[in-house]
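> Structure file coords16.cif (mmCIF, C-alpha atoms and all ligand atoms) right here:
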data_data
#
loop_
_atom_site.group_PDB
_atom_site.id
_atom_site.type_symbol
_atom_site.label_atom_id
_atom_site.label_comp_id
_atom_site.auth_asym_id
_atom_site.auth_seq_id
_atom_site.Cartn_x
_atom_site.Cartn_y
_atom_site.Cartn_z
ATOM 1 C CA MET A 481 7.499 -45.564 -4.432
ATOM 2 C CA ILE A 482 9.319 -45.233 -7.765
ATOM 3 C CA GLN A 483 11.332 -42.092 -6.985
ATOM 4 C CA LYS A 484 13.217 -41.968 -3.715
ATOM 5 C CA HIS A 485 14.619 -38.426 -3.872
ATOM 6 C CA CYS A 486 13.321 -34.991 -4.877
ATOM 7 C CA PHE A 487 14.365 -34.096 -8.443
ATOM 8 C CA GLU A 488 14.785 -30.420 -7.392
ATOM 9 C CA CYS A 489 16.777 -30.637 -4.145
ATOM 10 C CA GLY A 490 17.731 -34.294 -3.685
ATOM 11 C CA THR A 491 15.993 -34.630 -0.306
ATOM 12 C CA ALA A 492 14.615 -38.083 0.491
ATOM 13 C CA LEU A 493 10.915 -38.174 -0.348
ATOM 14 C CA ILE A 494 8.296 -39.238 2.158
ATOM 15 C CA GLU A 495 4.862 -40.650 1.462
ATOM 16 C CA LYS A 496 2.016 -38.237 2.119
ATOM 17 C CA GLU A 497 -1.733 -38.393 1.633
ATOM 18 C CA LEU A 498 -3.077 -36.059 -1.058
ATOM 19 C CA GLU A 499 -6.799 -35.535 -1.383
ATOM 20 C CA GLU A 500 -8.293 -37.555 -4.247
ATOM 21 C CA GLU A 501 -4.832 -38.875 -5.248
ATOM 22 C CA GLY A 502 -3.999 -41.151 -2.312
ATOM 23 C CA ILE A 503 -0.405 -41.582 -1.165
ATOM 24 C CA VAL A 504 1.967 -39.413 -3.227
ATOM 25 C CA PRO A 505 5.745 -38.913 -2.813
ATOM 26 C CA TYR A 506 6.353 -35.605 -1.030
ATOM 27 C CA CYS A 507 9.471 -33.466 -0.536
ATOM 28 C CA PRO A 508 9.464 -32.047 3.007
ATOM 29 C CA LYS A 509 12.131 -29.442 2.100
ATOM 30 C CA CYS A 510 10.404 -28.048 -1.032
ATOM 31 C CA GLN A 511 6.988 -28.731 0.510
ATOM 32 C CA GLN A 512 5.857 -30.108 -2.851
ATOM 33 C CA TYR A 513 4.290 -33.332 -3.999
ATOM 34 C CA ARG A 514 6.572 -35.089 -6.464
ATOM 35 C CA PHE A 515 4.453 -37.187 -8.783
ATOM 36 C CA PRO A 516 6.246 -40.107 -10.433
ATOM 37 C CA MET A 517 7.894 -39.222 -13.736
ATOM 38 C CA TYR A 518 7.488 -41.511 -16.697
ATOM 39 C CA ASN A 519 9.083 -41.691 -20.083
ATOM 40 C CA VAL A 520 6.778 -42.399 -22.987
ATOM 41 C CA ALA A 521 8.107 -44.255 -25.984
ATOM 42 C CA VAL A 522 6.570 -45.629 -29.123
ATOM 43 C CA SER A 523 7.510 -48.719 -31.079
ATOM 44 C CA MET A 524 6.151 -49.322 -34.516
ATOM 45 C CA ILE A 525 5.299 -52.404 -36.531
ATOM 46 C CA VAL A 526 5.993 -50.857 -39.938
ATOM 47 C CA VAL A 527 4.265 -52.950 -42.601
ATOM 48 C CA ASP A 528 4.677 -52.615 -46.356
ATOM 49 C CA GLU A 529 1.086 -52.780 -47.574
ATOM 50 C CA GLU A 530 2.000 -54.448 -50.870
ATOM 51 C CA THR A 531 4.419 -57.134 -49.706
ATOM 52 C CA ARG A 532 2.959 -57.474 -46.151
ATOM 53 C CA LYS A 533 6.546 -57.544 -44.852
ATOM 54 C CA ILE A 534 7.512 -55.970 -41.545
ATOM 55 C CA LEU A 535 10.426 -53.536 -41.527
ATOM 56 C CA LEU A 536 13.191 -54.165 -38.993
ATOM 57 C CA ILE A 537 16.157 -51.872 -38.493
ATOM 58 C CA GLN A 538 19.638 -51.979 -36.989
ATOM 59 C CA GLN A 539 20.420 -49.206 -34.529
ATOM 60 C CA TYR A 540 23.648 -47.743 -33.159
ATOM 61 C CA GLY A 541 25.768 -50.270 -35.055
ATOM 62 C CA LYS A 542 24.317 -53.230 -33.127
ATOM 63 C CA PRO A 543 23.963 -56.520 -35.028
ATOM 64 C CA SER A 544 20.370 -57.270 -33.937
ATOM 65 C CA TYR A 545 17.308 -56.250 -35.941
ATOM 66 C CA ILE A 546 14.566 -54.431 -34.054
ATOM 67 C CA LEU A 547 11.271 -52.632 -34.598
ATOM 68 C CA VAL A 548 11.479 -48.885 -35.186
ATOM 69 C CA ALA A 549 11.096 -47.150 -31.820
ATOM 70 C CA GLY A 550 11.813 -43.906 -30.057
ATOM 71 C CA TYR A 551 10.867 -41.578 -27.233
ATOM 72 C CA VAL A 552 7.906 -39.212 -27.353
ATOM 73 C CA ASN A 553 9.055 -35.628 -26.786
ATOM 74 C CA ARG A 554 7.484 -33.595 -23.998
ATOM 75 C CA GLY A 555 4.198 -32.169 -25.259
ATOM 76 C CA GLU A 556 4.313 -34.222 -28.458
ATOM 77 C CA ALA A 557 1.331 -36.340 -29.536
ATOM 78 C CA GLU A 558 2.177 -40.028 -29.772
ATOM 79 C CA GLU A 559 0.873 -40.156 -33.335
ATOM 80 C CA HIS A 560 3.285 -37.358 -34.252
ATOM 81 C CA ALA A 561 6.158 -39.218 -32.595
ATOM 82 C CA VAL A 562 5.327 -42.313 -34.672
ATOM 83 C CA VAL A 563 5.501 -40.369 -37.940
ATOM 84 C CA ARG A 564 8.642 -38.482 -36.854
ATOM 85 C CA GLU A 565 10.555 -41.541 -35.634
ATOM 86 C CA VAL A 566 9.747 -43.612 -38.717
ATOM 87 C CA ARG A 567 10.915 -40.708 -40.907
ATOM 88 C CA GLU A 568 14.076 -40.125 -38.834
ATOM 89 C CA GLU A 569 15.043 -43.801 -38.627
ATOM 90 C CA THR A 570 14.089 -44.960 -42.124
ATOM 91 C CA GLY A 571 13.309 -41.961 -44.339
ATOM 92 C CA LEU A 572 9.846 -43.470 -44.967
ATOM 93 C CA GLU A 573 6.547 -41.618 -44.670
ATOM 94 C CA VAL A 574 3.748 -43.204 -42.613
ATOM 95 C CA GLU A 575 0.492 -43.435 -44.585
ATOM 96 C CA HIS A 576 -1.786 -45.084 -42.026
ATOM 97 C CA LEU A 577 -1.303 -45.763 -38.363
ATOM 98 C CA ARG A 578 -3.269 -47.651 -35.797
ATOM 99 C CA PHE A 579 -2.760 -47.970 -32.049
ATOM 100 C CA ASN A 580 -1.892 -51.490 -30.960
ATOM 101 C CA ARG A 581 -1.360 -51.710 -27.195
ATOM 102 C CA THR A 582 0.337 -50.247 -24.132
ATOM 103 C CA LYS A 583 3.102 -51.805 -22.088
ATOM 104 C CA PHE A 584 4.873 -50.477 -19.014
ATOM 105 C CA PHE A 585 8.552 -51.339 -18.586
ATOM 106 C CA GLU A 586 10.128 -51.317 -15.121
ATOM 107 C CA PRO A 587 12.603 -50.226 -13.901
ATOM 108 C CA SER A 588 13.095 -47.732 -16.718
ATOM 109 C CA ASN A 589 9.699 -46.071 -16.068
ATOM 110 C CA THR A 590 8.950 -46.195 -19.765
ATOM 111 C CA LEU A 591 5.402 -46.433 -21.017
ATOM 112 C CA MET A 592 5.693 -48.087 -24.426
ATOM 113 C CA GLN A 593 2.924 -47.342 -26.905
ATOM 114 C CA PRO A 594 3.313 -49.766 -29.783
ATOM 115 C CA PHE A 595 1.641 -48.760 -33.005
ATOM 116 C CA GLY A 596 1.183 -51.150 -35.864
ATOM 117 C CA ARG A 597 -0.801 -52.023 -38.891
ATOM 118 C CA LEU A 598 -1.405 -55.760 -39.240
HETATM 119 ZN ZN ZN B 1 12.861 -30.966 -2.733
#
Please rewrite the model in this file as C-alpha cells.


Amino acid sequence: MIQKHCFECGTALIEKELEEEGIVPYCPKCQQYRFPMYNVAVSMIVVDEETRKILLIQQYGKPSYILVAGYVNRGEAEEHAVVREVREETGLEVEHLRFNRTKFFEPSNTLMQPFGRL
C-alpha cells in the first residue's frame, strides 16, 4: 500500500475489497476508499530540427545539465504541459511533439511521461 494514512483525517488506512477494483486502501473513520495519488510529470527531449542537437538546461542554480521537465497540472493534458513547460523553461515554442515512453518513479509516486522527437 503506497499511502498509509487518510489524506483527509490522518487515520491509518486499512485494506478493503472493492468490487471490480480489488484491494483498495480504505479509511474506516471517513468510510471512504482512498485510491493512491500519483503525480504526473513530463520530461522532454527538445531537439533542434536543423542542427539535430538536444537542448539541456540548468535549473535552480544547480551545475548539472538536465532535460526540460515539469509537473502536469491537475486537469491539464500532457501535451499541453509539454508546450507550457518548454515555453516557461526556455522561451521556445514547440512545433512538433511525439510521445516517447512512460516511467514510474518510486517512492515519489511520479509517473514520468517523456516526450521527444528523435
Ligand atoms: Zn479519513

> How far is it from atom CA of A:Gly550 to atom CA of A:Ala521, in Å with one decimal?

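Distance reported for this atom pair: 5.5 Å.
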
> What separation in Å, quoted to one decimal, exists between atom CA of A:Leu498 and atom CA of A:Arg554?

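That distance, rounded to one decimal, is 25.4 Å.
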
> Quick one: residues within 12 Å of A:Leu572, all atoms listed in the file, excluding same-chain residues fewer than 4 positions away - as a PyMOL selection string?

chain A and resi 526-528+535+548+562-568

> Report as a PyMOL selection string all protein, DNA and RNA residues lying within 9 Å of A:Pro508, evaluated on only C-alpha atoms, omitting residues in the same chain fewer than 2 positions from it.

chain A and resi 491-494+506+510-513

> Could you give me the residues within 7 Å of ligand ZN 1 (chain B), counting all atoms listed in the file, as number ranges by chain?

A: 486-491, 507-510

> Given the choices A:Ala561, A:Met517, A:Ile537, A:Met592, which gets closest to A:Leu577 if the distance is worked out from all atoms listed in the file?

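Looking only at the distances to A:Leu577, the closest residue turns out to be A:Ala561.
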
> Could you check how far atom CA of A:His576 sits from atom CA of A:Val552, in Å to one decimal?

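About the pair atom CA of A:His576 and atom CA of A:Val552: they are 18.5 Å apart.
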
> For each of A:Lys484, A:Lys533, A:Glu497, A:Gln538, take the minimum atom-to-atom distance to A:Pro516, counting all atoms listed in the file, then give the residue where this is smallest.

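Checking each candidate against A:Pro516, we get A:Lys484 as the closest.
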
> Using all atoms listed in the file, which of the listed residues (A:Arg581, A:Val574, A:Glu530, A:Val522) sits closest to A:Ala557?

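The answer is A:Val522, which sits nearest to A:Ala557.
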
> Measuring between all atoms listed in the file, which one of A:Tyr551, A:Phe579, A:Phe515, A:Phe585 shows the shortest distance to A:Ile503?

A:Phe515

> Each side padded by 5 Å, which centre and which edge lengths in Å (one decimal) define the axis-aligned box around the listed atoms of stretch 541-551 of chain A? Give them as lines of an AutoDock Vina configuration file.


center_x = 18.3
center_y = -49.4
center_z = -31.6
size_x = 24.9
size_y = 25.7
size_z = 18.7

> Here is a test: counting all atoms listed in the file, which residue of A:Ala549, A:Arg578, A:Glu495, A:His560 is nearest to A:Arg514?

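Closest to A:Arg514 of all the choices is A:Glu495.
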
> Could you add whatever atoms are missing so that stretch 543-561 of chain A carries N, CA, C and O atoms, then write the result as a PDB file, keeping the file's coordinate frame?


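The file below, rebuild_15.pdb, is the result:
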ATOM      1  N   PRO A 543      24.269 -55.520 -34.000  1.00  0.00           N
ATOM      2  CA  PRO A 543      23.963 -56.520 -35.028  1.00  0.00           C
ATOM      3  C   PRO A 543      22.497 -56.956 -35.068  1.00  0.00           C
ATOM      4  O   PRO A 543      22.044 -57.476 -36.083  1.00  0.00           O
ATOM      5  N   SER A 544      21.745 -56.767 -33.978  1.00  0.00           N
ATOM      6  CA  SER A 544      20.370 -57.270 -33.937  1.00  0.00           C
ATOM      7  C   SER A 544      19.420 -56.368 -34.721  1.00  0.00           C
ATOM      8  O   SER A 544      19.648 -55.166 -34.858  1.00  0.00           O
ATOM      9  N   TYR A 545      18.352 -56.975 -35.211  1.00  0.00           N
ATOM     10  CA  TYR A 545      17.308 -56.250 -35.941  1.00  0.00           C
ATOM     11  C   TYR A 545      16.125 -56.020 -35.009  1.00  0.00           C
ATOM     12  O   TYR A 545      15.681 -56.947 -34.327  1.00  0.00           O
ATOM     13  N   ILE A 546      15.630 -54.800 -34.986  1.00  0.00           N
ATOM     14  CA  ILE A 546      14.566 -54.431 -34.054  1.00  0.00           C
ATOM     15  C   ILE A 546      13.476 -53.638 -34.778  1.00  0.00           C
ATOM     16  O   ILE A 546      13.678 -53.148 -35.884  1.00  0.00           O
ATOM     17  N   LEU A 547      12.324 -53.511 -34.095  1.00  0.00           N
ATOM     18  CA  LEU A 547      11.271 -52.632 -34.598  1.00  0.00           C
ATOM     19  C   LEU A 547      11.729 -51.182 -34.470  1.00  0.00           C
ATOM     20  O   LEU A 547      12.535 -50.854 -33.606  1.00  0.00           O
ATOM     21  N   VAL A 548      11.202 -50.317 -35.305  1.00  0.00           N
ATOM     22  CA  VAL A 548      11.479 -48.885 -35.186  1.00  0.00           C
ATOM     23  C   VAL A 548      10.852 -48.402 -33.870  1.00  0.00           C
ATOM     24  O   VAL A 548       9.699 -48.730 -33.580  1.00  0.00           O
ATOM     25  N   ALA A 549      11.605 -47.629 -33.102  1.00  0.00           N
ATOM     26  CA  ALA A 549      11.096 -47.150 -31.820  1.00  0.00           C
ATOM     27  C   ALA A 549      11.786 -45.848 -31.443  1.00  0.00           C
ATOM     28  O   ALA A 549      12.844 -45.519 -31.976  1.00  0.00           O
ATOM     29  N   GLY A 550      11.182 -45.124 -30.531  1.00  0.00           N
ATOM     30  CA  GLY A 550      11.813 -43.906 -30.057  1.00  0.00           C
ATOM     31  C   GLY A 550      10.989 -43.262 -28.960  1.00  0.00           C
ATOM     32  O   GLY A 550       9.850 -43.663 -28.704  1.00  0.00           O
ATOM     33  N   TYR A 551      11.557 -42.274 -28.313  1.00  0.00           N
ATOM     34  CA  TYR A 551      10.867 -41.578 -27.233  1.00  0.00           C
ATOM     35  C   TYR A 551       9.949 -40.482 -27.762  1.00  0.00           C
ATOM     36  O   TYR A 551      10.260 -39.838 -28.757  1.00  0.00           O
ATOM     37  N   VAL A 552       8.831 -40.298 -27.058  1.00  0.00           N
ATOM     38  CA  VAL A 552       7.906 -39.212 -27.353  1.00  0.00           C
ATOM     39  C   VAL A 552       8.437 -37.967 -26.653  1.00  0.00           C
ATOM     40  O   VAL A 552       8.748 -38.001 -25.468  1.00  0.00           O
ATOM     41  N   ASN A 553       8.580 -36.875 -27.390  1.00  0.00           N
ATOM     42  CA  ASN A 553       9.055 -35.628 -26.786  1.00  0.00           C
ATOM     43  C   ASN A 553       7.986 -35.040 -25.873  1.00  0.00           C
ATOM     44  O   ASN A 553       6.792 -35.289 -26.057  1.00  0.00           O
ATOM     45  N   ARG A 554       8.426 -34.246 -24.909  1.00  0.00           N
ATOM     46  CA  ARG A 554       7.484 -33.595 -23.998  1.00  0.00           C
ATOM     47  C   ARG A 554       6.505 -32.726 -24.794  1.00  0.00           C
ATOM     48  O   ARG A 554       6.929 -31.904 -25.610  1.00  0.00           O
ATOM     49  N   GLY A 555       5.224 -32.943 -24.583  1.00  0.00           N
ATOM     50  CA  GLY A 555       4.198 -32.169 -25.259  1.00  0.00           C
ATOM     51  C   GLY A 555       3.868 -32.657 -26.668  1.00  0.00           C
ATOM     52  O   GLY A 555       3.021 -32.065 -27.337  1.00  0.00           O
ATOM     53  N   GLU A 556       4.536 -33.703 -27.107  1.00  0.00           N
ATOM     54  CA  GLU A 556       4.313 -34.222 -28.458  1.00  0.00           C
ATOM     55  C   GLU A 556       3.231 -35.307 -28.438  1.00  0.00           C
ATOM     56  O   GLU A 556       3.217 -36.153 -27.547  1.00  0.00           O
ATOM     57  N   ALA A 557       2.324 -35.274 -29.414  1.00  0.00           N
ATOM     58  CA  ALA A 557       1.331 -36.340 -29.536  1.00  0.00           C
ATOM     59  C   ALA A 557       2.032 -37.626 -29.959  1.00  0.00           C
ATOM     60  O   ALA A 557       2.995 -37.594 -30.730  1.00  0.00           O
ATOM     61  N   GLU A 558       1.551 -38.750 -29.431  1.00  0.00           N
ATOM     62  CA  GLU A 558       2.177 -40.028 -29.772  1.00  0.00           C
ATOM     63  C   GLU A 558       2.116 -40.293 -31.275  1.00  0.00           C
ATOM     64  O   GLU A 558       3.069 -40.817 -31.859  1.00  0.00           O
ATOM     65  N   GLU A 559       1.003 -39.933 -31.892  1.00  0.00           N
ATOM     66  CA  GLU A 559       0.873 -40.156 -33.335  1.00  0.00           C
ATOM     67  C   GLU A 559       1.938 -39.369 -34.108  1.00  0.00           C
ATOM     68  O   GLU A 559       2.463 -39.843 -35.114  1.00  0.00           O
ATOM     69  N   HIS A 560       2.245 -38.166 -33.626  1.00  0.00           N
ATOM     70  CA  HIS A 560       3.285 -37.358 -34.252  1.00  0.00           C
ATOM     71  C   HIS A 560       4.642 -38.014 -34.065  1.00  0.00           C
ATOM     72  O   HIS A 560       5.473 -38.042 -34.991  1.00  0.00           O
ATOM     73  N   ALA A 561       4.881 -38.552 -32.875  1.00  0.00           N
ATOM     74  CA  ALA A 561       6.158 -39.218 -32.595  1.00  0.00           C
ATOM     75  C   ALA A 561       6.345 -40.434 -33.503  1.00  0.00           C
ATOM     76  O   ALA A 561       7.462 -40.704 -33.952  1.00  0.00           O
TER      77      ALA A 561
END
